[in-house]
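Asks: What follows is a single structure, and I will ask about it in a moment.
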2 protein chains.
Amino acid sequence: MRAEQAAAWLAARDRFLLVTHRNPDGDTMGSAAALCSALRRSGKTAYLWPNPQVIAKLLPFTESYNAPADFAPDCVVSVDVATEKMFAEGFAGQVELCIDHHPSNSHYAGEECIDPARAATGEIVLRIIKTLCGDLTKEEADLLYIALSTDCGCFQYANTDAFALRDAAELLEAGADNARLNLLFFRKVSVPRIKLEGLIYQNMSFHRDGQVVVALVTDEMLALAGASEDDCDDLAGLAGRAEGGRVYITIRDWPGGASKVSVRSQEDFDSCALCARFGGGGHKMAAGCNLPVPPLEARDLLLKAIDEVLA
Amino acid sequence: MRAEQAAAWLAARDRFLLVTHRNPDGDTMGSAAALCSALRRSGKTAYLWPNPQVIAKLLPFTESYNAPADFAPDCVVSVDVATEKMFAEGFAGQVELCIDHHPSNSHYAGEECIDPARAATGEIVLRIIKTLCGDLTKEEADLLYIALSTDCGCFQYANTDAFALRDAAELLEAGADNARLNLLFFRKVSVPRIKLEGLIYQNMSFHRDGQVVVALVTDEMLALAGASEDDCDDLAGLAGRAEGGRVYITIRDWPGGASKVSVRSQEDFDSCALCARFGGGGHKMAAGCNLPVPPLEARDLLLKAIDEVLA
């Protein structure tokens, strides 16, 4: 159904639990919290499922919407959740409405409001809220700005289109404080993160005439930088900054002397095929695998496999 | 005059030389080249003044518009040039029309089309071109996207408003290839730049409970990284990424054992007052000075001066 129909569908129901995805990002949390706020404004009872994995930066924006332990919903709505595997808890088979923008959505819900043309689920929720309430509060505008801007890399990623830029303009006019939110989500990082990036860039290695870029993230680096998991957001993106690369590999220490590997690539290299050689998988331009050896050994194995793939 | 009037003014003249500013950025070069293209489409003879300082990334977009050595213009138009001091060459007193967005414009030209509310001069030129030609070519859209996106940090800076986002949407609809341009201007950096950032982050120091962040950029670091001046764009912005800072200082080796200092700060600290103590100047949140001692000694002097300013 379209956003306008989803609004009517929601208006006819009550006692909502809004469910977000595993490893929650700005789009799933911001979209769900904004919808929760609008449902309450339209007289409904609505809560977020208390996602235990929300990162520290997002928490202050969403935690006040969390459901109390004894809340018994009449209607479960998923927001930005592509497949049932992306639920952290057992919501499989319980979702009555799925609001999403992922082209890979597995169609697991009773009703669907899916628009794969949108850069973020927040853009769909923007339309649902406007139909539901006629307007947008400043807080909802902030939440939807978080949703949209984090999903398109603050308008740097290739999914940024004219539609997304116009939606962002509308959110600013509704009061979204983009200057403050951009500082928080894009421009500022913790001091341990700065130190960690310094170590990663210093140890980054360039192979096969710079076509293969390898970033190592060892436990020793994390300790030297004083970094925690909160400082490790999107480390797999750092190698991709290097001009001239085709394959970008990030290798992280994994318990038991193993390695966790993230591969990103240009369109002309199949990351998924590379990772499949080591029992992993993913997409053509972003995939992952685990190797039972430490990072430096893992790097050698991966470089050898890349040579075979390229040959 | 307004953009529509500037278009009529231009339509009544011919043989234009479009002049850009010293240390040219994306806004001055992109805006001037787009206007040059549109003037030619409307039947005029128009060239860019061949600015010798254009950085390598911008050059392919603008150099084909450069004036031949024997071009004798009838009308000099400045684009994005705030004051006559910003001319690299002697255009003082020769500018018939100034197109600009700087609030600090010194009103040096015969006619002016200045709108300080706009994030970039490119937004004013967009309106001039639409009046002049009725439409925008794909190449002009690319040039104006470069102008706008570089002046607002790809929509991350506080000057990004709803107006700028809508203009960006219009440029995408006119064919601007934002995915490619964002890679070139924001997402990709040279390998020497990555190595240099690694060294800078590793050696960044945090003082006065993290309120003062100091980045050193020494000749030794540049040599270790294999970096040239083309890799040193906006190094003064790196320290500003650190959360919790109020004053961000970047100190670079300067010939003769001296230091070149850039200071950035939050609103509640006067960078200009700090730099004035050492014979420098600038704005409240961004200023600079030179010190006759090497970087580490300069750091000590600056920290002492900051203590006095804060006391």
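Within each chain, counting starts at residue 1; across the structure tokens, chains are named A, B, ... in the order shown, with ligands numbered 1 upward in that order.
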DSSP on the backbone, helix (DSSP H, G or I) only: what residues of segment 50-85 of chain B does that give? Format it as a ChimeraX atom specification.
Replies: /B:59-65,84-85
Asks: Deliver the residues from the most recent selection as a file, using all heavy atoms, as a compact mmCIF listing (two decimals), in the first residue's frame.
Replies:
# COMPACT_ATOMS: atom_id res chain seq x y z
N LEU B 59 40.64 21.42 -12.23
CA LEU B 59 41.15 21.84 -13.53
C LEU B 59 40.41 21.23 -14.72
O LEU B 59 40.04 21.97 -15.66
CB LEU B 59 42.65 21.54 -13.60
CG LEU B 59 43.49 22.43 -14.51
CD1 LEU B 59 43.31 23.90 -14.16
CD2 LEU B 59 44.97 22.04 -14.41
N PRO B 60 40.15 19.92 -14.74
CA PRO B 60 39.49 19.33 -15.91
C PRO B 60 38.10 19.92 -16.18
O PRO B 60 37.60 19.85 -17.30
CB PRO B 60 39.37 17.84 -15.56
CG PRO B 60 40.33 17.62 -14.44
CD PRO B 60 40.45 18.91 -13.72
N PHE B 61 37.47 20.48 -15.15
CA PHE B 61 36.13 21.02 -15.31
C PHE B 61 36.14 22.45 -15.87
O PHE B 61 35.14 22.92 -16.38
CB PHE B 61 35.38 21.03 -13.97
CG PHE B 61 35.10 19.66 -13.43
CD1 PHE B 61 35.97 19.04 -12.55
CD2 PHE B 61 33.97 18.97 -13.84
CE1 PHE B 61 35.72 17.78 -12.06
CE2 PHE B 61 33.70 17.70 -13.37
CZ PHE B 61 34.58 17.09 -12.48
N THR B 62 37.27 23.14 -15.71
CA THR B 62 37.24 24.58 -16.01
C THR B 62 38.23 25.03 -17.07
O THR B 62 38.02 26.06 -17.69
CB THR B 62 37.52 25.39 -14.72
OG1 THR B 62 38.85 25.09 -14.26
CG2 THR B 62 36.53 25.03 -13.62
N GLU B 63 39.32 24.27 -17.31
CA GLU B 63 40.41 24.85 -18.11
C GLU B 63 40.03 25.12 -19.56
O GLU B 63 40.59 26.00 -20.20
CB GLU B 63 41.69 24.00 -18.02
CG GLU B 63 41.59 22.64 -18.61
CD GLU B 63 42.89 21.83 -18.38
OE1 GLU B 63 43.95 22.41 -18.14
OE2 GLU B 63 42.80 20.58 -18.44
N SER B 64 39.04 24.38 -20.08
CA SER B 64 38.65 24.61 -21.48
C SER B 64 38.00 25.98 -21.68
O SER B 64 37.86 26.44 -22.81
CB SER B 64 37.69 23.51 -21.95
OG SER B 64 36.46 23.63 -21.29
N TYR B 65 37.60 26.63 -20.58
CA TYR B 65 36.97 27.95 -20.69
C TYR B 65 37.98 29.09 -20.60
O TYR B 65 37.61 30.26 -20.71
CB TYR B 65 35.91 28.13 -19.59
CG TYR B 65 34.73 27.20 -19.73
CD1 TYR B 65 34.63 26.05 -18.95
CD2 TYR B 65 33.74 27.45 -20.66
CE1 TYR B 65 33.56 25.19 -19.08
CE2 TYR B 65 32.65 26.60 -20.81
CZ TYR B 65 32.57 25.46 -20.01
OH TYR B 65 31.51 24.62 -20.15
N GLU B 84 38.61 43.25 -3.28
CA GLU B 84 39.64 43.40 -4.32
C GLU B 84 40.95 42.74 -3.91
O GLU B 84 41.75 42.36 -4.75
CB GLU B 84 39.85 44.88 -4.64
CG GLU B 84 38.63 45.47 -5.34
CD GLU B 84 38.88 46.87 -5.88
OE1 GLU B 84 39.39 47.71 -5.11
OE2 GLU B 84 38.56 47.12 -7.06
N LYS B 85 41.17 42.59 -2.59
CA LYS B 85 42.37 41.89 -2.11
C LYS B 85 42.36 40.42 -2.54
O LYS B 85 43.40 39.78 -2.56
CB LYS B 85 42.44 41.94 -0.58
CG LYS B 85 42.90 43.25 -0.02
CD LYS B 85 43.05 43.13 1.50
CE LYS B 85 43.32 44.49 2.12
NZ LYS B 85 43.17 44.44 3.59
Asks: So which bits of segment 205-240 of chain A end up strand (DSSP E) when you DSSP the backbone, as a ChimeraX atom specification?
Replies: /A:205-207,212-217
Asks: Quick check, in Å to one decimal: how far apart do atom CA of Arg13 of chain B and atom CA of Leu136 of chain B lie?
Replies: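 About the pair atom CA of Arg13 of chain B and atom CA of Leu136 of chain B: they are 20.6 Å apart.
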Asks: Restrict the distance test to only C-alpha atoms, flag each residue of chain B within 8 Å of chain A, and return the flagged residues as number ranges by chain.
Replies: B: 154-163, 165-166, 168-170, 172-173, 178-179, 182-183, 186-191, 194-195, 197-202, 240-243
Asks: Would you pick out the contacts of Pro255 of chain B at 10 Å or less, using only C-alpha atoms, so that residues sharing its chain but fewer than 6 positions from it are not included, and give the list as a PyMOL selection string?
Replies: chain B and resi 219+292+294
Asks: State, in Å with one decimal place, the distance from atom CA of Arg277 of chain B to atom CA of Lys304 of chain B.
Replies: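 For atom CA of Arg277 of chain B relative to atom CA of Lys304 of chain B, the distance reads 11.5 Å.
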Asks: Would you mind listing what lies within 6 Å of segment 256-266 of chain B as JSON, numbers by chain, with only C-alpha atoms counted and same-chain residues fewer than 6 positions away left out?
Replies: {"B": [246, 247, 248, 249, 250, 285, 286, 287, 288, 289, 290, 291, 292, 293, 294, 295]}
Asks: Which of these, B:Ala3, B:Ile251, B:Leu301, B:Ala56, has the shortest distance to Lys130 of chain B once you count only C-alpha atoms?
Replies: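 Smallest separation from Lys130 of chain B among the options: B:Ala3.
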Asks: Env of Thr131 of chain B: 9 Å cut, atoms = only C-alpha atoms, seq-sep filter 5 positions within chain, self excluded. Answer as a ChimeraX atom specification.
Replies: /B:3-5,7-8,126
Asks: Would you write out those residues with N, CA and C atoms, as a PDB file, in the first residue's frame?
Replies:
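Written file, selection15.pdb:
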ATOM      1  N   ALA B   3      19.124  38.499  -9.490  1.00  0.00           N
ATOM      2  CA  ALA B   3      19.685  37.605 -10.516  1.00  0.00           C
ATOM      3  C   ALA B   3      19.028  37.854 -11.874  1.00  0.00           C
ATOM      4  N   GLU B   4      17.712  38.102 -11.883  1.00  0.00           N
ATOM      5  CA  GLU B   4      16.999  38.326 -13.138  1.00  0.00           C
ATOM      6  C   GLU B   4      17.499  39.603 -13.822  1.00  0.00           C
ATOM      7  N   GLN B   5      17.759  40.628 -12.994  1.00  0.00           N
ATOM      8  CA  GLN B   5      18.291  41.883 -13.550  1.00  0.00           C
ATOM      9  C   GLN B   5      19.726  41.698 -14.040  1.00  0.00           C
ATOM     10  N   ALA B   7      20.931  39.015 -15.287  1.00  0.00           N
ATOM     11  CA  ALA B   7      20.845  38.310 -16.572  1.00  0.00           C
ATOM     12  C   ALA B   7      20.571  39.298 -17.696  1.00  0.00           C
ATOM     13  N   ALA B   8      19.661  40.253 -17.462  1.00  0.00           N
ATOM     14  CA  ALA B   8      19.344  41.266 -18.478  1.00  0.00           C
ATOM     15  C   ALA B   8      20.555  42.163 -18.736  1.00  0.00           C
ATOM     16  N   LEU B 126      22.895  30.034 -10.792  1.00  0.00           N
ATOM     17  CA  LEU B 126      21.804  29.159 -11.266  1.00  0.00           C
ATOM     18  C   LEU B 126      20.624  29.994 -11.750  1.00  0.00           C
TER      19      LEU B 126
END
